[in-house]
Amino acid sequence: MNEAWKIETRAVQCGYEPGNGDPRVMPITQSTTYKYDSAQEVADLFDLKAPGFFYSRLANPTVEAFEKKIAALEGGVAAVGTSSGQTANALAILNICTCGDHFVAVSSLYGGSVSLFTNTMKKMGISVSYVNPDATAEEITKAFRPNTKALFAEALANPALIVLDFDKFSQIAKKFEVPFIVDNTFPSPVLCRPLELGADIVTHSATKFLDGHATSVGGVIVEGGKFNWKNGKFKEFTEPDESYHGIVYSEAFPACPFSVKARVQWLRDFGCIMAPMNAWLTNLGLETLHIRLERHSSNALALAKFLKNHPKVAWVNYPGLKESQYYELAQKYMPKGAGGVLTFGVKGGRKEGETVMNNLKLAAIVVHVCDVRTGVLHPASMTHRQLNEAEQAAAGVTPDLVRVSVGIENIDDICQDFDQALNSI
């Protein structure tokens with residue numbers, strides 16, 4: 001890769017480098033296994049003494065090409081593809097925290113992440129404390145404990161659309177010498193580069209904007225390569241792993257110990273891998289990521305302005321609107337656009353909002369977000385329904401909130417569709 005390449009060029013060119021006479025388009029390696037000429041070669045692969053492929057539960061050429069591309073887009077040193085975004089967030093924490101450990105997370109998270117952190121990880125002996133993303137640094141630091149091992153946040157909250165104050169949170173993570181993990185699903189690396197803003201690890205639900213066409217479930221973890229795993233708090237990176245004949249990750253793989261450990265421990269044992277076909281499709285989506293995000297953002301801003309002035313709409317939340325409380329942060333951290341997702345409430349409340357959703361014709365009611373087609377969803381009764389009222393409120397989910405994933409269709413058609421649906425009440 002040419003280090004001088006801009007992100008648009010990286011989206012098209014990085015990851016797969018064909019040799020003379022090779023296919024110009026990255027092929028799908030739909031194989032579970034790989035042939036070698038000697039037993040020693042395979043033994044060296046198992047002992048992590050040599051790079052290569054021996055079983056697709058750990059690595060696959062097509063998945064690796066996708067990993068290299070997203071690492072290049074985020075500015076990371078390595079990436080690990082996973083079976084879903086949920087898996088990416090789970091492994092990002094499990095790769096750091098063990099039974100008895102604790103981490104801090106912002107409260108304005110996707111409902112699936114809250115359920116994962118609050119319920120499932122509790123059963124593993126890992127506890128979490130939630131903090132208001134708008135709280136002061138002094139208030140947030142009170143959540144930290146001697147056994148705190150990480151700080152987790154979303155760059156742009158789903159669905160609260162709170163823009164993360166990277167300066168505040170990255171400084172707190174540095175103060176406590178813990179890795180700062182940022183879910184960058186909603187902005188994507190085109191609009192926000194967390195590793196350049198103080199994050200140490202980035203996660204994505206690749207199912208969303210990275211794929212962009214609602215064809216493939218997947219996730220990815222990207223390592224920044226600058227965190228000091230030898231600071232005395234992370235013995236799993238500095239003490240021998242007996243399952244690999246005593247290898248010490250921080251010594252054997254100083255450039256990317258987090259990624260190697262995530263792959264050879266968690267993908268090996270849990271088998272939560274990205275399928276080659278999904279990696280191929282997501283890689284194809286990445287080639288147009290920069291073009292799509294420009295259109296998603298411009299359409300979302302236009303629809304937000306239209307809804308703001310509609311007589312049937314009570315409120316609109318979109319960080320690209322100048323009256324948004326997160327407008328300045330959006331301009332600071334996402335100057336190219338505020339993404340393709342907005343929320344709004346219909347006058348009258350939840351029942352009227354459901355009527356509007358049922359009367360949309362172009363926009364569809366879908367349990368998805370961030371693809372080329374405009375879609376709507378009611379988080380309180382759908383994505384966040386497993387949370388209680390207090391947890392929903394902390395996540396920014398109100399009973400009347402309608403989430404809109406604005407597609408790349410003609411903006412006049414999108415606005416006309418919402419106008420006729422709103423006028424049905």
# chains A, B, ... in the order shown; residues from 1 in each chain; ligands from 1
call {"tool": "select_by_dssp", "arguments": {"residues": "stretch 183-249 of chain A", "states": "strand (DSSP E or B)", "output": "ChimeraX atom specification"}}
result
/A:183,201-205,219-223,241,247
call {"tool": "write_last_selection", "arguments": {"atoms": "C-alpha atoms", "output": "short mmCIF file (atom, residue, chain, number, x, y, z; two decimals), in the first residue's frame"}}
result
data_model
loop_
_atom_site.label_atom_id
_atom_site.label_comp_id
_atom_site.auth_asym_id
_atom_site.auth_seq_id
_atom_site.Cartn_x
_atom_site.Cartn_y
_atom_site.Cartn_z
CA ASP A 183 -17.51 1.21 17.88
CA ILE A 201 -9.17 -0.36 19.19
CA VAL A 202 -12.01 0.12 16.71
CA THR A 203 -14.94 -2.22 16.12
CA HIS A 204 -17.58 -2.35 13.40
CA SER A 205 -20.74 -4.14 12.56
CA GLY A 219 -17.95 -7.71 12.09
CA VAL A 220 -14.38 -6.57 12.44
CA ILE A 221 -11.93 -5.44 15.12
CA VAL A 222 -9.08 -3.07 14.18
CA GLU A 223 -5.98 -2.61 16.34
CA ASP A 241 0.07 -18.75 26.95
CA ILE A 247 4.21 -17.89 23.74
#
call {"tool": "residues_around", "arguments": {"residues": "A:Lys233", "least_positions_apart": "2", "cutoff": "12 Å", "atoms": "only C-alpha atoms", "output": "PDB file with N, CA and C atoms, in the first residue's frame"}}
result
ATOM      1  N   ILE A  96      -9.522  -8.751  26.511  1.00  0.00           N
ATOM      2  CA  ILE A  96      -8.852  -7.929  27.520  1.00  0.00           C
ATOM      3  C   ILE A  96      -9.259  -8.342  28.930  1.00  0.00           C
ATOM      4  N   CYS A  97     -10.567  -8.535  29.136  1.00  0.00           N
ATOM      5  CA  CYS A  97     -11.110  -8.791  30.471  1.00  0.00           C
ATOM      6  C   CYS A  97     -11.290 -10.286  30.731  1.00  0.00           C
ATOM      7  N   THR A  98     -10.982 -10.695  31.945  1.00  0.00           N
ATOM      8  CA  THR A  98     -11.237 -12.056  32.384  1.00  0.00           C
ATOM      9  C   THR A  98     -12.151 -12.013  33.606  1.00  0.00           C
ATOM     10  N   ASP A 101     -12.812  -9.069  36.269  1.00  0.00           N
ATOM     11  CA  ASP A 101     -12.450  -7.756  35.740  1.00  0.00           C
ATOM     12  C   ASP A 101     -13.680  -6.893  35.521  1.00  0.00           C
ATOM     13  N   PRO A 146      -9.995  -0.276  40.575  1.00  0.00           N
ATOM     14  CA  PRO A 146      -8.660  -0.866  40.405  1.00  0.00           C
ATOM     15  C   PRO A 146      -8.622  -1.989  39.370  1.00  0.00           C
ATOM     16  N   ASN A 147      -9.751  -2.694  39.182  1.00  0.00           N
ATOM     17  CA  ASN A 147      -9.789  -3.804  38.225  1.00  0.00           C
ATOM     18  C   ASN A 147     -10.399  -3.415  36.880  1.00  0.00           C
ATOM     19  N   THR A 148     -10.536  -2.123  36.593  1.00  0.00           N
ATOM     20  CA  THR A 148     -11.067  -1.667  35.308  1.00  0.00           C
ATOM     21  C   THR A 148     -10.027  -1.896  34.220  1.00  0.00           C
ATOM     22  N   LYS A 149     -10.452  -2.534  33.130  1.00  0.00           N
ATOM     23  CA  LYS A 149      -9.505  -2.914  32.075  1.00  0.00           C
ATOM     24  C   LYS A 149      -9.759  -2.246  30.726  1.00  0.00           C
ATOM     25  N   ALA A 150     -10.881  -1.536  30.563  1.00  0.00           N
ATOM     26  CA  ALA A 150     -11.158  -0.932  29.256  1.00  0.00           C
ATOM     27  C   ALA A 150     -12.224   0.151  29.377  1.00  0.00           C
ATOM     28  N   PHE A 176      -6.011   6.338  33.078  1.00  0.00           N
ATOM     29  CA  PHE A 176      -6.120   5.066  33.788  1.00  0.00           C
ATOM     30  C   PHE A 176      -5.360   3.930  33.092  1.00  0.00           C
ATOM     31  N   GLU A 177      -4.683   4.248  32.005  1.00  0.00           N
ATOM     32  CA  GLU A 177      -3.846   3.287  31.275  1.00  0.00           C
ATOM     33  C   GLU A 177      -4.630   2.043  30.846  1.00  0.00           C
ATOM     34  N   VAL A 178      -5.806   2.298  30.287  1.00  0.00           N
ATOM     35  CA  VAL A 178      -6.624   1.210  29.748  1.00  0.00           C
ATOM     36  C   VAL A 178      -6.912   1.497  28.282  1.00  0.00           C
ATOM     37  N   PRO A 179      -7.124   0.467  27.475  1.00  0.00           N
ATOM     38  CA  PRO A 179      -7.430   0.693  26.057  1.00  0.00           C
ATOM     39  C   PRO A 179      -8.801   1.334  25.867  1.00  0.00           C
ATOM     40  N   PHE A 227      -1.043   1.026  21.856  1.00  0.00           N
ATOM     41  CA  PHE A 227      -1.289   0.852  23.291  1.00  0.00           C
ATOM     42  C   PHE A 227      -0.164   0.045  23.940  1.00  0.00           C
ATOM     43  N   ASN A 228       0.186   0.418  25.158  1.00  0.00           N
ATOM     44  CA  ASN A 228       1.248  -0.256  25.895  1.00  0.00           C
ATOM     45  C   ASN A 228       0.667  -1.396  26.724  1.00  0.00           C
ATOM     46  N   TRP A 229       0.713  -2.603  26.186  1.00  0.00           N
ATOM     47  CA  TRP A 229       0.182  -3.764  26.890  1.00  0.00           C
ATOM     48  C   TRP A 229       1.103  -4.234  28.009  1.00  0.00           C
ATOM     49  N   LYS A 230       2.286  -3.621  28.102  1.00  0.00           N
ATOM     50  CA  LYS A 230       3.264  -4.004  29.117  1.00  0.00           C
ATOM     51  C   LYS A 230       3.221  -3.081  30.341  1.00  0.00           C
ATOM     52  N   ASN A 231       2.099  -2.389  30.535  1.00  0.00           N
ATOM     53  CA  ASN A 231       2.045  -1.434  31.642  1.00  0.00           C
ATOM     54  C   ASN A 231       1.742  -2.072  32.997  1.00  0.00           C
ATOM     55  N   LYS A 235      -1.769  -9.067  32.120  1.00  0.00           N
ATOM     56  CA  LYS A 235      -0.845 -10.198  32.200  1.00  0.00           C
ATOM     57  C   LYS A 235      -1.054 -11.209  31.076  1.00  0.00           C
ATOM     58  N   GLU A 236      -2.263 -11.269  30.500  1.00  0.00           N
ATOM     59  CA  GLU A 236      -2.479 -12.230  29.418  1.00  0.00           C
ATOM     60  C   GLU A 236      -1.681 -11.879  28.162  1.00  0.00           C
ATOM     61  N   PHE A 237      -1.209 -10.635  28.104  1.00  0.00           N
ATOM     62  CA  PHE A 237      -0.375 -10.225  26.974  1.00  0.00           C
ATOM     63  C   PHE A 237       1.112 -10.326  27.305  1.00  0.00           C
ATOM     64  N   THR A 238       1.435 -10.415  28.580  1.00  0.00           N
ATOM     65  CA  THR A 238       2.846 -10.401  28.994  1.00  0.00           C
ATOM     66  C   THR A 238       3.311 -11.689  29.657  1.00  0.00           C
ATOM     67  N   GLU A 239       2.383 -12.617  29.927  1.00  0.00           N
ATOM     68  CA  GLU A 239       2.744 -13.899  30.515  1.00  0.00           C
ATOM     69  C   GLU A 239       2.498 -15.019  29.507  1.00  0.00           C
TER      70      GLU A 239
END
call {"tool": "residues_around", "arguments": {"residues": "A:Ile411", "least_positions_apart": "5", "cutoff": "8 Å", "atoms": "only C-alpha atoms", "output": "PyMOL selection string"}}
result
chain A and resi 299+302-303
call {"tool": "write_last_selection", "arguments": {"atoms": "N, CA and C atoms", "output": "tab-separated table (two decimals), in the first residue's frame"}}
result
chain	number	residue	atom	x	y	z
A	299	ASN	N	-28.31	13.29	1.98
A	299	ASN	CA	-29.74	12.97	2.01
A	299	ASN	C	-30.30	13.07	3.43
A	302	ALA	N	-30.75	16.69	4.38
A	302	ALA	CA	-31.89	17.28	3.68
A	302	ALA	C	-33.21	16.79	4.28
A	303	LEU	N	-33.30	15.49	4.60
A	303	LEU	CA	-34.53	14.97	5.20
A	303	LEU	C	-34.73	15.54	6.60
call {"tool": "select_by_dssp", "arguments": {"residues": "stretch 92-322 of chain A", "states": "helix (DSSP H, G or I)", "output": "PyMOL selection string"}}
result
chain A and resi 92-94+111-123+137-141+166-176+188-191+194-196+235-238+242-244+249-252+257-270+276-286+289-308
call {"tool": "write_last_selection", "arguments": {"atoms": "C-alpha atoms", "output": "CSV table (one decimal), in the first residue's frame"}}
result
chain,number,residue,atom,x,y,z
A,92,ALA,CA,-12.9,-6.9,21.9
A,93,ILE,CA,-13.8,-7.0,25.6
A,94,LEU,CA,-13.1,-10.7,26.2
A,111,GLY,CA,-29.4,-2.3,22.7
A,112,GLY,CA,-27.7,-5.5,21.7
A,113,SER,CA,-24.4,-4.2,23.2
A,114,VAL,CA,-26.1,-3.2,26.5
A,115,SER,CA,-27.7,-6.7,26.7
A,116,LEU,CA,-24.3,-8.3,26.0
A,117,PHE,CA,-22.4,-6.2,28.5
A,118,THR,CA,-25.1,-6.2,31.2
A,119,ASN,CA,-26.4,-9.8,31.1
A,120,THR,CA,-24.1,-12.2,29.3
A,121,MET,CA,-20.8,-10.8,30.5
A,122,LYS,CA,-22.1,-10.7,34.0
A,123,LYS,CA,-22.5,-14.5,33.8
A,137,ALA,CA,-14.6,14.0,33.1
A,138,GLU,CA,-14.6,14.1,36.8
A,139,GLU,CA,-18.0,12.3,37.0
A,140,ILE,CA,-16.8,9.7,34.5
A,141,THR,CA,-13.6,8.9,36.4
A,166,PHE,CA,-13.1,11.9,21.8
A,167,ASP,CA,-10.8,14.3,23.5
A,168,LYS,CA,-12.5,13.9,26.9
A,169,PHE,CA,-12.8,10.1,26.7
A,170,SER,CA,-9.3,9.4,25.2
A,171,GLN,CA,-7.7,11.5,28.0
A,172,ILE,CA,-9.6,9.5,30.6
A,173,ALA,CA,-8.5,6.2,29.1
A,174,LYS,CA,-4.9,7.4,29.1
A,175,LYS,CA,-5.1,8.5,32.7
A,176,PHE,CA,-6.1,5.1,33.8
A,188,SER,CA,-17.5,4.5,9.2
A,189,PRO,CA,-13.8,5.4,8.6
A,190,VAL,CA,-14.9,7.7,5.8
A,191,LEU,CA,-16.5,10.1,8.2
A,194,PRO,CA,-11.1,7.0,15.9
A,195,LEU,CA,-7.5,5.8,15.9
A,196,GLU,CA,-6.4,9.3,15.0
A,235,LYS,CA,-0.8,-10.2,32.2
A,236,GLU,CA,-2.5,-12.2,29.4
A,237,PHE,CA,-0.4,-10.2,27.0
A,238,THR,CA,2.8,-10.4,29.0
A,242,GLU,CA,0.4,-22.4,27.7
A,243,SER,CA,-2.0,-23.3,24.9
A,244,TYR,CA,0.7,-22.1,22.5
A,249,TYR,CA,2.0,-12.2,22.7
A,250,SER,CA,3.6,-8.8,23.5
A,251,GLU,CA,7.1,-10.3,22.9
A,252,ALA,CA,6.4,-12.5,19.9
A,257,PRO,CA,-0.4,-8.5,20.0
A,258,PHE,CA,-4.1,-7.7,20.5
A,259,SER,CA,-5.1,-8.9,17.0
A,260,VAL,CA,-3.0,-12.1,17.2
A,261,LYS,CA,-4.4,-13.0,20.6
A,262,ALA,CA,-8.0,-12.4,19.5
A,263,ARG,CA,-7.5,-14.6,16.5
A,264,VAL,CA,-5.5,-17.5,17.9
A,265,GLN,CA,-7.5,-17.7,21.2
A,266,TRP,CA,-11.0,-16.5,20.5
A,267,LEU,CA,-11.5,-17.4,16.9
A,268,ARG,CA,-9.8,-20.7,17.5
A,269,ASP,CA,-12.0,-21.6,20.5
A,270,PHE,CA,-15.3,-19.9,19.7
A,276,PRO,CA,-15.4,-16.0,2.9
A,277,MET,CA,-18.5,-15.2,0.8
A,278,ASN,CA,-19.5,-12.5,3.3
A,279,ALA,CA,-16.0,-11.1,3.4
A,280,TRP,CA,-16.0,-10.9,-0.5
A,281,LEU,CA,-19.4,-9.1,-0.5
A,282,THR,CA,-18.4,-6.7,2.2
A,283,ASN,CA,-15.1,-6.0,0.5
A,284,LEU,CA,-17.1,-5.2,-2.7
A,285,GLY,CA,-19.2,-2.8,-0.6
A,286,LEU,CA,-16.1,-1.1,0.7
A,289,LEU,CA,-18.0,3.3,0.8
A,290,HIS,CA,-16.7,6.9,0.3
A,291,ILE,CA,-19.3,7.6,-2.5
A,292,ARG,CA,-22.2,6.1,-0.6
A,293,LEU,CA,-21.4,7.9,2.7
A,294,GLU,CA,-21.3,11.3,0.9
A,295,ARG,CA,-24.8,10.6,-0.5
A,296,HIS,CA,-26.2,9.1,2.8
A,297,SER,CA,-25.0,12.2,4.7
A,298,SER,CA,-26.4,14.8,2.2
A,299,ASN,CA,-29.7,13.0,2.0
A,300,ALA,CA,-30.0,12.6,5.8
A,301,LEU,CA,-29.3,16.3,6.3
A,302,ALA,CA,-31.9,17.3,3.7
A,303,LEU,CA,-34.5,15.0,5.2
A,304,ALA,CA,-33.8,16.3,8.7
A,305,LYS,CA,-34.4,19.8,7.5
A,306,PHE,CA,-37.6,18.8,5.8
A,307,LEU,CA,-38.9,17.0,8.9
A,308,LYS,CA,-37.9,19.8,11.1
call {"tool": "closest_residue", "arguments": {"among": "A:Met26, A:Val248, A:Leu156, A:Leu164", "to": "A:Asp134", "atoms": "only C-alpha atoms"}}
result
A:Leu164
call {"tool": "closest_residue", "arguments": {"among": "A:Ala11, A:Ala380, A:Val104, A:Leu401", "to": "A:Glu287", "atoms": "only C-alpha atoms"}}
result
A:Ala11
call {"tool": "closest_atom_pairs", "arguments": {"of": "stretch 7-38 of chain A", "to": "stretch 55-68 of chain A", "cutoff": "10 Å", "atoms": "only C-alpha atoms", "output": "JSON lines"}}
result
{"residue": "A:Cys14", "atom": "CA", "partner": "A:Lys68", "partner_atom": "CA", "distance": 7.1}
{"residue": "A:Gly15", "atom": "CA", "partner": "A:Ala65", "partner_atom": "CA", "distance": 4.4}
{"residue": "A:Tyr16", "atom": "CA", "partner": "A:Ala65", "partner_atom": "CA", "distance": 5.3}
{"residue": "A:Glu17", "atom": "CA", "partner": "A:Ala65", "partner_atom": "CA", "distance": 8.8}
{"residue": "A:Met26", "atom": "CA", "partner": "A:Thr62", "partner_atom": "CA", "distance": 7.4}
{"residue": "A:Pro27", "atom": "CA", "partner": "A:Thr62", "partner_atom": "CA", "distance": 7.0}
{"residue": "A:Ile28", "atom": "CA", "partner": "A:Thr62", "partner_atom": "CA", "distance": 5.8}
{"residue": "A:Thr29", "atom": "CA", "partner": "A:Thr62", "partner_atom": "CA", "distance": 5.8}
{"residue": "A:Gln30", "atom": "CA", "partner": "A:Thr62", "partner_atom": "CA", "distance": 8.4}
{"residue": "A:Ser31", "atom": "CA", "partner": "A:Ser56", "partner_atom": "CA", "distance": 7.2}
{"residue": "A:Thr32", "atom": "CA", "partner": "A:Ser56", "partner_atom": "CA", "distance": 5.0}
{"residue": "A:Thr33", "atom": "CA", "partner": "A:Tyr55", "partner_atom": "CA", "distance": 4.8}
{"residue": "A:Tyr34", "atom": "CA", "partner": "A:Tyr55", "partner_atom": "CA", "distance": 6.8}
call {"tool": "residues_around", "arguments": {"residues": "A:Ala364", "least_positions_apart": "3", "cutoff": "9 Å", "atoms": "only C-alpha atoms", "output": "PDB file with C-alpha atoms, in the first residue's frame"}}
result
ATOM      1  CA  MET A 357     -44.387   4.060   9.630  1.00  0.00           C
ATOM      2  CA  ASN A 358     -47.215   1.852   8.359  1.00  0.00           C
ATOM      3  CA  LEU A 360     -44.570   4.778   4.196  1.00  0.00           C
ATOM      4  CA  LYS A 361     -44.232   3.362   0.684  1.00  0.00           C
ATOM      5  CA  ARG A 373     -32.368   1.648   0.876  1.00  0.00           C
ATOM      6  CA  THR A 374     -34.249   3.986   3.192  1.00  0.00           C
ATOM      7  CA  GLY A 375     -35.669   2.142   6.176  1.00  0.00           C
ATOM      8  CA  VAL A 376     -37.396   2.942   9.465  1.00  0.00           C
ATOM      9  CA  LEU A 377     -37.571   1.232  12.835  1.00  0.00           C
TER      10      LEU A 377
END
call {"tool": "closest_residue", "arguments": {"among": "A:Gly348, A:Asp211, A:Val25, A:Ala330", "to": "A:Tyr318", "atoms": "only C-alpha atoms"}}
result
A:Ala330
call {"tool": "residues_around", "arguments": {"residues": "A:Cys99", "least_positions_apart": "2", "cutoff": "9 Å", "atoms": "only C-alpha atoms", "output": "list in words"}}
result
Cys97, Asp101, His102, Met124, Gly125, Ile126 and Ser127 of chain A
call {"tool": "closest_residue", "arguments": {"among": "A:Gly19, A:Gly218, A:Gly349, A:Gly340", "to": "A:Pro399", "atoms": "only C-alpha atoms"}}
result
A:Gly349
call {"tool": "atom_distance", "arguments": {"atom1": "atom CA of A:Asn89", "atom2": "atom CA of A:Val182"}}
result
9.3 Å
call {"tool": "atom_distance", "arguments": {"atom1": "atom CA of A:Ile273", "atom2": "atom CA of A:Ala78"}}
result
15.9 Å
call {"tool": "closest_residue", "arguments": {"among": "A:Leu342, A:Ile181, A:Leu73, A:Leu48", "to": "A:Gln13", "atoms": "only C-alpha atoms"}}
result
A:Leu73
call {"tool": "residues_around", "arguments": {"residues": "A:Met274", "least_positions_apart": "3", "cutoff": "6 Å", "atoms": "only C-alpha atoms", "output": "PyMOL selection string"}}
result
chain A and resi 81-83
call {"tool": "decode", "arguments": {"residues": "stretch 186-214 of chain A", "atoms": "N, CA and C atoms", "output": "PDB file, in the first residue's frame"}}
result
ATOM      1  N   PHE A 186     -21.538   3.579  12.826  1.00  0.00           N
ATOM      2  CA  PHE A 186     -22.374   4.589  12.179  1.00  0.00           C
ATOM      3  C   PHE A 186     -21.589   5.590  11.322  1.00  0.00           C
ATOM      4  N   PRO A 187     -20.451   6.117  11.766  1.00  0.00           N
ATOM      5  CA  PRO A 187     -19.734   7.054  10.896  1.00  0.00           C
ATOM      6  C   PRO A 187     -18.961   6.360   9.777  1.00  0.00           C
ATOM      7  N   SER A 188     -18.399   5.177  10.071  1.00  0.00           N
ATOM      8  CA  SER A 188     -17.478   4.480   9.178  1.00  0.00           C
ATOM      9  C   SER A 188     -16.175   5.280   9.104  1.00  0.00           C
ATOM     10  N   PRO A 189     -15.087   4.660   8.649  1.00  0.00           N
ATOM     11  CA  PRO A 189     -13.819   5.394   8.567  1.00  0.00           C
ATOM     12  C   PRO A 189     -13.819   6.551   7.574  1.00  0.00           C
ATOM     13  N   VAL A 190     -14.811   6.589   6.700  1.00  0.00           N
ATOM     14  CA  VAL A 190     -14.891   7.713   5.762  1.00  0.00           C
ATOM     15  C   VAL A 190     -15.204   9.021   6.487  1.00  0.00           C
ATOM     16  N   LEU A 191     -16.061   8.942   7.500  1.00  0.00           N
ATOM     17  CA  LEU A 191     -16.482  10.145   8.210  1.00  0.00           C
ATOM     18  C   LEU A 191     -15.729  10.371   9.516  1.00  0.00           C
ATOM     19  N   CYS A 192     -15.183   9.307  10.105  1.00  0.00           N
ATOM     20  CA  CYS A 192     -14.512   9.435  11.396  1.00  0.00           C
ATOM     21  C   CYS A 192     -13.406   8.393  11.505  1.00  0.00           C
ATOM     22  N   ARG A 193     -12.246   8.811  12.010  1.00  0.00           N
ATOM     23  CA  ARG A 193     -11.122   7.891  12.174  1.00  0.00           C
ATOM     24  C   ARG A 193     -10.716   7.874  13.650  1.00  0.00           C
ATOM     25  N   PRO A 194     -11.364   7.037  14.445  1.00  0.00           N
ATOM     26  CA  PRO A 194     -11.129   7.036  15.892  1.00  0.00           C
ATOM     27  C   PRO A 194      -9.683   6.835  16.313  1.00  0.00           C
ATOM     28  N   LEU A 195      -8.919   6.037  15.553  1.00  0.00           N
ATOM     29  CA  LEU A 195      -7.529   5.790  15.930  1.00  0.00           C
ATOM     30  C   LEU A 195      -6.684   7.054  15.847  1.00  0.00           C
ATOM     31  N   GLU A 196      -7.122   8.014  15.048  1.00  0.00           N
ATOM     32  CA  GLU A 196      -6.431   9.300  14.964  1.00  0.00           C
ATOM     33  C   GLU A 196      -6.927  10.267  16.033  1.00  0.00           C
ATOM     34  N   LEU A 197      -7.978   9.863  16.761  1.00  0.00           N
ATOM     35  CA  LEU A 197      -8.592  10.729  17.758  1.00  0.00           C
ATOM     36  C   LEU A 197      -8.424  10.185  19.178  1.00  0.00           C
ATOM     37  N   GLY A 198      -7.498   9.256  19.348  1.00  0.00           N
ATOM     38  CA  GLY A 198      -7.192   8.759  20.676  1.00  0.00           C
ATOM     39  C   GLY A 198      -7.654   7.363  21.001  1.00  0.00           C
ATOM     40  N   ALA A 199      -8.401   6.713  20.101  1.00  0.00           N
ATOM     41  CA  ALA A 199      -8.847   5.342  20.349  1.00  0.00           C
ATOM     42  C   ALA A 199      -7.680   4.375  20.151  1.00  0.00           C
ATOM     43  N   ASP A 200      -7.770   3.219  20.807  1.00  0.00           N
ATOM     44  CA  ASP A 200      -6.755   2.175  20.673  1.00  0.00           C
ATOM     45  C   ASP A 200      -7.250   1.003  19.851  1.00  0.00           C
ATOM     46  N   ILE A 201      -8.550   0.747  19.911  1.00  0.00           N
ATOM     47  CA  ILE A 201      -9.170  -0.365  19.193  1.00  0.00           C
ATOM     48  C   ILE A 201     -10.487   0.125  18.605  1.00  0.00           C
ATOM     49  N   VAL A 202     -10.774  -0.269  17.384  1.00  0.00           N
ATOM     50  CA  VAL A 202     -12.014   0.121  16.708  1.00  0.00           C
ATOM     51  C   VAL A 202     -12.784  -1.143  16.336  1.00  0.00           C
ATOM     52  N   THR A 203     -14.090  -1.109  16.540  1.00  0.00           N
ATOM     53  CA  THR A 203     -14.937  -2.222  16.118  1.00  0.00           C
ATOM     54  C   THR A 203     -15.977  -1.724  15.118  1.00  0.00           C
ATOM     55  N   HIS A 204     -16.512  -2.659  14.353  1.00  0.00           N
ATOM     56  CA  HIS A 204     -17.579  -2.352  13.401  1.00  0.00           C
ATOM     57  C   HIS A 204     -18.558  -3.505  13.332  1.00  0.00           C
ATOM     58  N   SER A 205     -19.814  -3.184  13.145  1.00  0.00           N
ATOM     59  CA  SER A 205     -20.735  -4.137  12.556  1.00  0.00           C
ATOM     60  C   SER A 205     -20.582  -3.946  11.056  1.00  0.00           C
ATOM     61  N   ALA A 206     -19.843  -4.845  10.426  1.00  0.00           N
ATOM     62  CA  ALA A 206     -19.614  -4.736   8.982  1.00  0.00           C
ATOM     63  C   ALA A 206     -20.894  -4.928   8.198  1.00  0.00           C
ATOM     64  N   THR A 207     -21.928  -5.431   8.881  1.00  0.00           N
ATOM     65  CA  THR A 207     -23.247  -5.627   8.291  1.00  0.00           C
ATOM     66  C   THR A 207     -23.846  -4.317   7.810  1.00  0.00           C
ATOM     67  N   LYS A 208     -23.410  -3.217   8.392  1.00  0.00           N
ATOM     68  CA  LYS A 208     -24.017  -1.916   8.129  1.00  0.00           C
ATOM     69  C   LYS A 208     -23.327  -1.224   6.950  1.00  0.00           C
ATOM     70  N   PHE A 209     -22.751  -0.059   7.154  1.00  0.00           N
ATOM     71  CA  PHE A 209     -22.235   0.727   6.040  1.00  0.00           C
ATOM     72  C   PHE A 209     -21.102   0.042   5.280  1.00  0.00           C
ATOM     73  N   LEU A 210     -20.289  -0.765   5.951  1.00  0.00           N
ATOM     74  CA  LEU A 210     -19.158  -1.382   5.256  1.00  0.00           C
ATOM     75  C   LEU A 210     -19.642  -2.258   4.114  1.00  0.00           C
ATOM     76  N   ASP A 211     -20.634  -3.100   4.395  1.00  0.00           N
ATOM     77  CA  ASP A 211     -21.286  -3.862   3.331  1.00  0.00           C
ATOM     78  C   ASP A 211     -22.148  -2.912   2.509  1.00  0.00           C
ATOM     79  N   GLY A 212     -23.069  -2.255   3.179  1.00  0.00           N
ATOM     80  CA  GLY A 212     -23.855  -1.206   2.550  1.00  0.00           C
ATOM     81  C   GLY A 212     -25.036  -1.641   1.724  1.00  0.00           C
ATOM     82  N   HIS A 213     -25.227  -2.947   1.539  1.00  0.00           N
ATOM     83  CA  HIS A 213     -26.295  -3.424   0.662  1.00  0.00           C
ATOM     84  C   HIS A 213     -27.195  -4.453   1.323  1.00  0.00           C
ATOM     85  N   ALA A 214     -27.023  -4.636   2.637  1.00  0.00           N
ATOM     86  CA  ALA A 214     -27.860  -5.556   3.413  1.00  0.00           C
ATOM     87  C   ALA A 214     -27.786  -6.985   2.889  1.00  0.00           C
TER      88      ALA A 214
END
